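Novice: This is query.txt, which holds compact mmCIF, C-alpha atoms and all ligand atoms:
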```
# COMPACT_ATOMS: atom_id res chain seq x y z
CA MET A 1203 0.00 0.00 0.00
CA ALA A 1204 1.46 3.38 -1.02
CA PHE A 1205 2.29 5.79 1.79
CA GLN A 1206 0.21 8.96 1.51
CA LEU A 1207 1.15 11.87 3.74
CA GLN A 1208 -2.45 12.54 4.81
CA ASN A 1209 -2.66 8.96 6.15
CA VAL A 1210 0.63 9.12 8.02
CA VAL A 1211 0.55 9.77 11.78
CA PRO A 1212 4.18 10.48 12.67
CA TRP A 1213 4.94 9.83 16.33
CA GLY A 1214 8.40 8.97 17.63
CA ARG A 1215 10.06 7.57 20.71
CA ASN A 1216 13.56 8.27 22.01
CA PHE A 1217 16.80 6.36 22.61
CA GLU A 1218 16.11 5.70 26.30
CA GLU A 1219 12.74 4.13 25.42
CA TYR A 1220 14.33 1.95 22.71
CA GLN A 1221 17.01 0.89 25.22
CA LEU A 1222 14.37 -0.23 27.72
CA MET A 1223 12.05 -1.83 25.15
CA PHE A 1224 14.82 -3.83 23.50
CA GLU A 1225 17.16 -4.47 26.43
CA LEU A 1226 19.99 -2.56 24.77
CA SER A 1227 23.07 -1.76 26.81
CA ASP A 1228 26.43 -0.15 26.20
CA LEU A 1229 27.66 -3.63 25.24
CA ASP A 1230 25.53 -3.31 22.09
CA ARG A 1231 27.28 -0.18 20.90
CA ASN A 1232 29.37 -2.19 18.41
CA LEU A 1233 26.40 -3.94 16.83
CA LYS A 1234 25.13 -3.00 13.39
CA ILE A 1235 21.49 -2.21 14.12
CA ALA A 1236 18.57 -1.85 11.68
CA GLY A 1237 15.38 -0.12 12.86
CA PHE A 1238 12.25 -1.04 10.88
CA GLY A 1239 9.39 1.44 10.99
CA ASP A 1240 11.51 3.90 12.98
CA GLY A 1241 9.55 6.84 11.56
CA PRO A 1242 10.37 10.11 13.35
CA ALA A 1243 11.91 8.44 16.44
CA SER A 1244 15.11 10.03 17.75
CA PHE A 1245 16.70 6.61 18.34
CA ASN A 1246 18.88 6.84 15.21
CA PHE A 1247 20.01 10.41 15.94
CA GLU A 1248 20.82 9.78 19.60
CA ALA A 1249 22.48 6.42 18.93
CA THR A 1250 24.62 7.90 16.14
CA LYS A 1251 25.71 10.72 18.48
CA LYS A 1252 26.88 8.06 20.95
CA GLY A 1253 28.87 6.30 18.22
CA TRP A 1254 26.43 3.45 17.58
CA SER A 1255 25.65 2.19 14.07
CA VAL A 1256 21.92 2.44 13.29
CA THR A 1257 20.16 2.39 9.91
CA SER A 1258 16.44 3.20 9.95
CA PHE A 1259 13.92 1.99 7.36
CA ASP A 1260 10.47 3.48 6.89
CA GLY A 1261 8.10 4.40 4.07
CA VAL A 1262 7.75 7.94 5.44
CA TYR A 1263 11.34 8.70 4.49
CA GLN A 1264 10.08 9.34 0.95
CA PHE A 1265 8.82 12.71 2.26
CA GLY A 1266 10.94 15.79 2.83
CA GLY A 1267 11.74 17.15 6.29
CA GLU A 1268 9.43 20.15 5.87
CA GLU A 1269 6.50 17.90 4.83
CA LEU A 1270 7.08 15.67 7.85
CA ARG A 1271 7.39 18.65 10.20
CA ARG A 1272 4.05 20.06 8.95
CA ARG A 1273 2.37 16.66 9.27
CA ILE A 1274 3.70 16.23 12.83
CA GLU A 1275 2.17 19.60 13.77
CA GLU A 1276 -1.13 18.65 12.06
CA VAL A 1277 -1.54 15.38 13.96
CA ARG A 1278 -0.08 16.51 17.30
CA SER A 1279 -3.38 17.68 18.83
CA ILE A 1280 -5.31 14.73 17.37
CA VAL A 1281 -2.91 12.19 18.88
CA MET A 1282 -2.85 14.00 22.22
CA ALA A 1283 -6.67 14.08 22.31
CA GLN A 1284 -6.69 10.30 21.71
CA MET A 1285 -4.13 9.81 24.47
CA ALA A 1286 -6.26 11.92 26.84
CA ALA A 1287 -9.36 9.86 26.01
CA ASN A 1288 -7.47 6.59 26.60
CA GLN A 1289 -5.14 7.59 29.42
CA ASN A 1290 -6.33 4.77 31.68
CA ASN A 1291 -4.74 2.33 29.25
CA TYR A 1292 -1.29 3.70 30.10
CA ASN A 1293 1.06 3.64 33.08
CA TRP A 1294 2.14 7.10 34.17
CA ARG A 1295 5.09 6.07 36.34
CA HIS A 1296 7.96 7.03 34.04
CA ILE A 1297 6.22 9.63 31.88
CA ARG A 1298 4.05 11.27 34.55
CA SER A 1299 1.45 13.27 32.65
CA LEU A 1300 -0.06 14.03 29.25
CA ALA A 1301 1.90 17.29 29.17
CA GLU A 1302 5.16 15.46 29.82
CA LEU A 1303 4.27 12.88 27.16
CA GLU A 1304 3.69 15.60 24.58
CA SER A 1305 6.95 17.28 25.46
CA VAL A 1306 8.94 13.99 25.37
CA ARG A 1307 7.46 12.99 21.99
CA MET A 1308 7.86 16.45 20.44
CA ALA A 1309 11.47 16.62 21.66
CA ALA A 1310 12.21 13.23 20.09
CA MET A 1311 10.64 14.27 16.77
CA ALA A 1312 12.44 17.64 16.81
CA GLN A 1313 15.74 15.77 17.16
CA PHE A 1314 14.76 13.49 14.28
CA LEU A 1315 13.85 16.46 12.05
CA HIS A 1316 17.09 18.22 12.94
CA ASP A 1317 19.03 15.09 11.90
CA TYR A 1318 16.90 14.06 8.93
CA GLU A 1319 18.72 15.60 5.95
CA LEU A 1320 22.18 14.68 7.26
CA GLY A 1321 20.95 11.18 8.16
CA LYS A 1322 19.51 10.71 4.69
CA ALA A 1323 22.78 11.85 3.09
CA GLN A 1324 24.64 9.39 5.36
CA LYS A 1325 22.16 6.64 4.39
CA ARG A 1326 20.95 6.26 7.98
CA TYR A 1327 17.32 6.95 6.96
CA ILE A 1328 16.33 4.70 4.07
CA CYS A 1329 12.94 4.85 2.40
CA HIS A 1330 11.77 1.25 2.40
CA GLU A 1331 8.46 -0.51 2.90
CA LEU A 1332 8.37 -4.00 4.31
CA PRO A 1333 7.96 -6.69 3.15
CA ALA A 1334 9.83 -5.60 -0.01
CA LYS A 1335 13.34 -6.98 -0.44
CA LEU A 1336 15.94 -4.82 1.29
CA PRO A 1337 18.95 -3.62 -0.73
CA TYR A 1338 21.34 -5.45 1.62
CA ALA A 1339 23.16 -8.77 1.54
CA ASP A 1340 22.20 -11.61 3.91
CA GLY A 1341 23.42 -11.04 7.47
CA SER A 1342 24.33 -7.37 6.92
CA PHE A 1343 23.04 -6.38 10.37
CA ASP A 1344 23.50 -7.93 13.81
CA LEU A 1345 20.16 -6.79 15.18
CA GLY A 1346 16.86 -5.67 13.62
CA LEU A 1347 14.32 -3.79 15.75
CA SER A 1348 10.63 -3.05 15.30
CA SER A 1349 9.15 -0.63 17.85
CA HIS A 1350 5.38 -0.13 17.75
CA PHE A 1351 4.98 -1.40 14.20
CA LEU A 1352 4.94 -5.19 13.67
CA LEU A 1353 2.42 -7.18 15.76
CA LEU A 1354 0.76 -3.97 16.99
CA TYR A 1355 -1.60 -3.83 13.99
CA PRO A 1356 -3.04 -7.33 13.38
CA THR A 1357 -5.07 -5.90 10.46
CA LEU A 1358 -1.83 -5.80 8.46
CA GLY A 1359 -2.34 -9.55 8.31
CA TYR A 1360 -0.48 -12.77 9.00
CA ASP A 1361 1.10 -13.01 5.53
CA PHE A 1362 2.43 -9.45 5.76
CA HIS A 1363 4.04 -10.23 9.10
CA ILE A 1364 5.59 -13.51 8.01
CA ALA A 1365 6.99 -11.98 4.81
CA SER A 1366 8.27 -8.87 6.64
CA ILE A 1367 9.96 -10.77 9.48
CA THR A 1368 11.42 -13.30 7.02
CA GLU A 1369 13.03 -10.46 5.07
CA MET A 1370 14.27 -8.83 8.30
CA LEU A 1371 15.80 -12.18 9.35
CA ARG A 1372 17.54 -12.45 5.98
CA VAL A 1373 19.50 -9.25 6.59
CA CYS A 1374 19.66 -9.39 10.43
CA ARG A 1375 21.06 -12.14 12.63
CA GLU A 1376 18.44 -11.40 15.27
CA VAL A 1377 15.12 -9.54 15.23
CA ARG A 1378 13.36 -8.03 18.26
CA ILE A 1379 9.78 -6.78 18.17
CA PHE A 1380 8.10 -4.65 20.87
CA PRO A 1381 5.33 -4.72 21.99
CA ILE A 1382 3.69 -8.05 21.20
CA VAL A 1383 0.14 -6.94 22.05
CA ASP A 1384 -2.31 -4.91 19.96
CA LEU A 1385 -3.29 -1.25 20.37
CA ASP A 1386 -5.67 -2.23 23.20
CA GLY A 1387 -2.79 -3.89 25.06
CA LYS A 1388 -4.36 -7.32 24.46
CA PRO A 1389 -2.52 -10.50 23.39
CA THR A 1390 -3.43 -11.47 19.85
CA GLU A 1391 -3.82 -14.64 17.86
CA LEU A 1392 -1.37 -13.09 15.38
CA THR A 1393 1.52 -13.09 17.88
CA GLY A 1394 0.92 -16.75 18.72
CA ARG A 1395 0.80 -17.70 15.03
CA VAL A 1396 3.98 -15.76 14.23
CA ILE A 1397 5.77 -17.46 17.14
CA ARG A 1398 4.61 -20.90 16.02
CA HIS A 1399 5.75 -20.19 12.45
CA PHE A 1400 9.29 -19.09 13.35
CA GLU A 1401 9.92 -21.59 16.15
CA ARG A 1402 9.99 -24.30 13.47
CA THR A 1403 13.22 -22.85 12.07
CA HIS A 1404 14.56 -20.35 14.61
CA ALA A 1405 15.04 -19.80 18.34
CA VAL A 1406 12.13 -17.71 19.57
CA ALA A 1407 12.00 -15.98 22.94
CA VAL A 1408 9.43 -13.82 24.69
CA LYS A 1409 11.01 -11.63 27.36
CA THR A 1410 9.53 -9.26 29.90
CA VAL A 1411 11.35 -5.91 29.87
CA PRO A 1412 11.38 -2.94 32.25
CA TYR A 1413 9.30 -0.72 29.92
CA GLU A 1414 5.52 -0.67 30.16
CA PHE A 1415 3.91 2.57 29.07
CA GLN A 1416 0.95 0.91 27.36
CA LYS A 1417 -0.58 -1.37 30.01
CA GLY A 1418 0.08 -4.96 28.98
CA GLY A 1419 2.89 -3.94 26.63
CA ASN A 1420 6.01 -5.04 28.50
CA GLN A 1421 7.30 -7.96 26.45
CA LEU A 1422 9.53 -8.27 23.44
CA LEU A 1423 9.66 -11.07 20.92
CA ALA A 1424 13.17 -12.09 19.86
CA ILE A 1425 13.79 -14.36 16.88
CA LYS A 1426 17.19 -15.63 15.79
CA LYS A 1427 19.05 -18.63 14.47
CA ALA A 1428 18.75 -21.42 17.04
CA SER A 1429 21.16 -21.39 19.98
CA PRO A 1430 20.96 -23.25 23.32
CA ASP A 1431 20.85 -20.16 25.61
CA PHE A 1432 17.57 -18.94 24.16
CA PHE A 1433 14.36 -19.61 26.09
CA TYR A 1434 10.82 -19.58 24.84
CA SER A 1435 7.48 -18.92 26.51
CA MET A 1436 4.05 -18.19 25.10
CA PRO A 1437 2.76 -14.65 25.77
C1 LIG A 1501 3.67 3.94 15.42
S1 LIG A 1501 5.01 4.36 14.38
C2 LIG A 1501 6.40 3.88 15.40
C3 LIG A 1501 7.58 4.75 15.17
C4 LIG A 1501 8.85 4.36 15.97
N1 LIG A 1501 9.23 2.99 15.69
C5 LIG A 1501 8.64 4.53 17.45
O1 LIG A 1501 8.40 3.54 18.16
O2 LIG A 1501 8.68 5.65 17.92
C6 LIG A 1501 4.95 3.07 13.14
C7 LIG A 1501 5.89 3.31 11.99
O3 LIG A 1501 5.81 2.20 11.09
C8 LIG A 1501 5.95 2.69 9.77
N2 LIG A 1501 5.45 1.70 8.82
C9 LIG A 1501 4.18 1.35 8.58
N3 LIG A 1501 4.11 0.42 7.60
C10 LIG A 1501 5.40 0.18 7.21
C11 LIG A 1501 5.99 -0.69 6.24
N4 LIG A 1501 5.24 -1.50 5.46
N5 LIG A 1501 7.33 -0.71 6.12
C12 LIG A 1501 8.10 0.10 6.90
N6 LIG A 1501 7.60 0.95 7.84
C13 LIG A 1501 6.26 0.98 7.99
C14 LIG A 1501 5.15 3.98 9.80
O4 LIG A 1501 5.50 4.85 8.73
C15 LIG A 1501 5.51 4.55 11.16
O5 LIG A 1501 6.61 5.43 11.09
```
As structure tokens, how would this structure be written, given the file I've shared?
Ligand SMILES: C[S@@+](CC[C@H](N)C(=O)[O-])C[C@H]1O[C@@H](n2cnc3c(N)ncnc32)[C@H](O)[C@@H]1O
Specialist:
Amino acid sequence: MAFQLQNVVPWGRNFEEYQLMFELSDLDRNLKIAGFGDGPASFNFEATKKGWSVTSFDGVYQFGGEELRRRIEEVRSIVMAQMAANQNNYNWRHIRSLAELESVRMAAMAQFLHDYELGKAQKRYICHELPAKLPYADGSFDLGLSSHFLLLYPTLGYDFHIASITEMLRVCREVRIFPIVDLDGKPTELTGRVIRHFERTHAVAVKTVPYEFQKGGNQLLAIKKASPDFFYSMP
């Protein structure tokens, strides 16, 4: 499906949130990381500043920085109104209020916009829509991440997810997806089916992590080539 700017709702998280969601530590600074559906998150910018290697892939990178900035401003009040209406579905321990949420998200997206042109020139922001084949050789990345994209929208369908994750696993040695629930914070049949599909050929692990903004969203799914130190549990 073609990306149209009026259908895009840009909303981005920051490096600290990615660290908590994906259990990243300073030990991972030497990994080659691919972020799928990174959108206007500041993860790439902040990680690059720290000397990490991150390449982000998203269909929205076909748009210019000014178009994305305008779209972010257009949707800002709509997204915040939705958050206000659904605030009981979120934990307000780390981010303590709607006002703080808006400021954290806008700060992350401002950092992204500031970095966007340079990042594009440095090929850190690549316009790409899963499940299309990525312009990279097998095993080009150590770790592939999907934050708030795969598994969150079951309407994208089982086939879309299998094809997308298969392509991610072609270019990445390991893939981590967070969260593994839907937008209502509920476990889905999709997650179970995706786990069952990949556990036939890969090591699959579900891990609880110290990040739970959306209630119920505190687990990541990790998929990689089989190894004995990997554990598996159904969500
Ligand atoms: C909710 S946003 C999450 C942004 C970022 N990962 C974060 O957590 O802050 C979902 C992102 O997935 C991207 N996306 C949707 N469909 C995609 C596809 N087929 N291929 C790549 N990215 C896609 C959207 O453009 C959007 O930026």
Novice: Please check which protein, DNA or RNA residues sit within 7 Å of ligand LIG 1501 (chain A), counting all atoms listed in the file, and write them as a count of residues only.
Specialist: 24
Novice: Go through A:Glu1219, A:Glu1319, A:Asp1344, A:Glu1304 one by one, measure the shortest atom-to-atom distance of each to Ile1274 of chain A using all atoms listed in the file, and give the residue with the smallest value.
Specialist: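 Of A:Glu1219, A:Glu1319, A:Asp1344, A:Glu1304, the one nearest Ile1274 of chain A is A:Glu1304, counting all atoms listed in the file.
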Novice: For Lys1322 of chain A, which residue out of A:Phe1217, A:Phe1205, A:Phe1247, A:Phe1400 is the nearest one, using only C-alpha atoms?
Specialist: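 For Lys1322 of chain A, the nearest of the given residues is A:Phe1247.
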Novice: As an exercise, work out the distance from atom CA of Ser1342 of chain A to atom CA of Val1256 of chain A in Å and give it to one decimal place.
Specialist: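 Going from atom CA of Ser1342 of chain A over to atom CA of Val1256 of chain A, I get 11.9 Å.
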Novice: If I take atom CA of Leu1300 of chain A and atom CA of Gln1208 of chain A, how far is one from the other in Å, to one decimal?
Specialist: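 These atoms are spaced 24.6 Å apart.
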Novice: So, with all atoms listed in the file as the atoms that count, which of A:His1296, A:Arg1271, A:His1404, A:Arg1372 lies closest to Leu1315 of chain A?
Specialist: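 The closest residue to Leu1315 of chain A is A:Arg1271.
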Novice: Of the candidates A:Leu1423, A:Leu1392, A:Leu1385, A:Ala1428, which shows the shortest atom-to-atom distance to Asn1291 of chain A, using all atoms listed in the file?
Specialist: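 Closest residue, counting all atoms listed in the file: A:Leu1385.
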Novice: With all atoms of segment 1415-1427 of chain A from the file as input, state the centre and edge lengths in Å to one decimal of the axis-aligned box that has 3 Å extra on each side, as AutoDock Vina command-line options.
Specialist:
```
--center_x 9.2 --center_y -8.0 --center_z 22.2 --size_x 25.6 --size_y 27.2 --size_z 21.5
```
Novice: Would you please work out which residue, of A:Glu1401, A:Asp1386, A:Glu1269, A:Asp1228, is nearest to Lys1417 of chain A when using only C-alpha atoms?
Specialist: A:Asp1386
Novice: Could you work out how far atom CA of Gly1341 of chain A lies from atom CA of Val1411 of chain A, giving the answer in Å with one decimal?
Specialist: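 For atom CA of Val1411 of chain A relative to atom CA of Gly1341 of chain A, the distance reads 26.0 Å.
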Novice: For a quick check of understanding, using all atoms listed in the file, which of A:Phe1314, A:Gln1264, A:Phe1380, A:Asn1232 has the smallest distance to Lys1252 of chain A?
Specialist: A:Asn1232
Novice: Give me the residues near Lys1325 of chain A as a PyMOL selection string, where near means some atom within 9 Å (using all atoms listed in the file) and where sequence neighbours in that chain fewer than 3 positions away do not count.
Specialist: chain A and resi 1257-1258+1320-1322+1328
Novice: For Arg1295 of chain A, work out the shell of residues within 12 Å, counting all atoms listed in the file and skipping chain neighbours fewer than 2 positions away, then give it as a list in words.
Specialist: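 Listing them by chain and then by number gives Tyr1292, Asn1293, Ile1297, Arg1298, Ser1299, Leu1300, Glu1302, Leu1303, Pro1412, Tyr1413, Glu1414, Phe1415, Gln1416 and Lys1417 of chain A.
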Novice: For Gly1394 of chain A, list every protein, DNA or RNA residue within 12 Å, evaluated using all atoms listed in the file, and leave out those in the same chain fewer than 3 positions away; present the list as a ChimeraX atom specification.
Specialist: /A:1353,1356,1360,1382-1383,1389-1391,1397-1401,1406-1408,1423,1434-1437
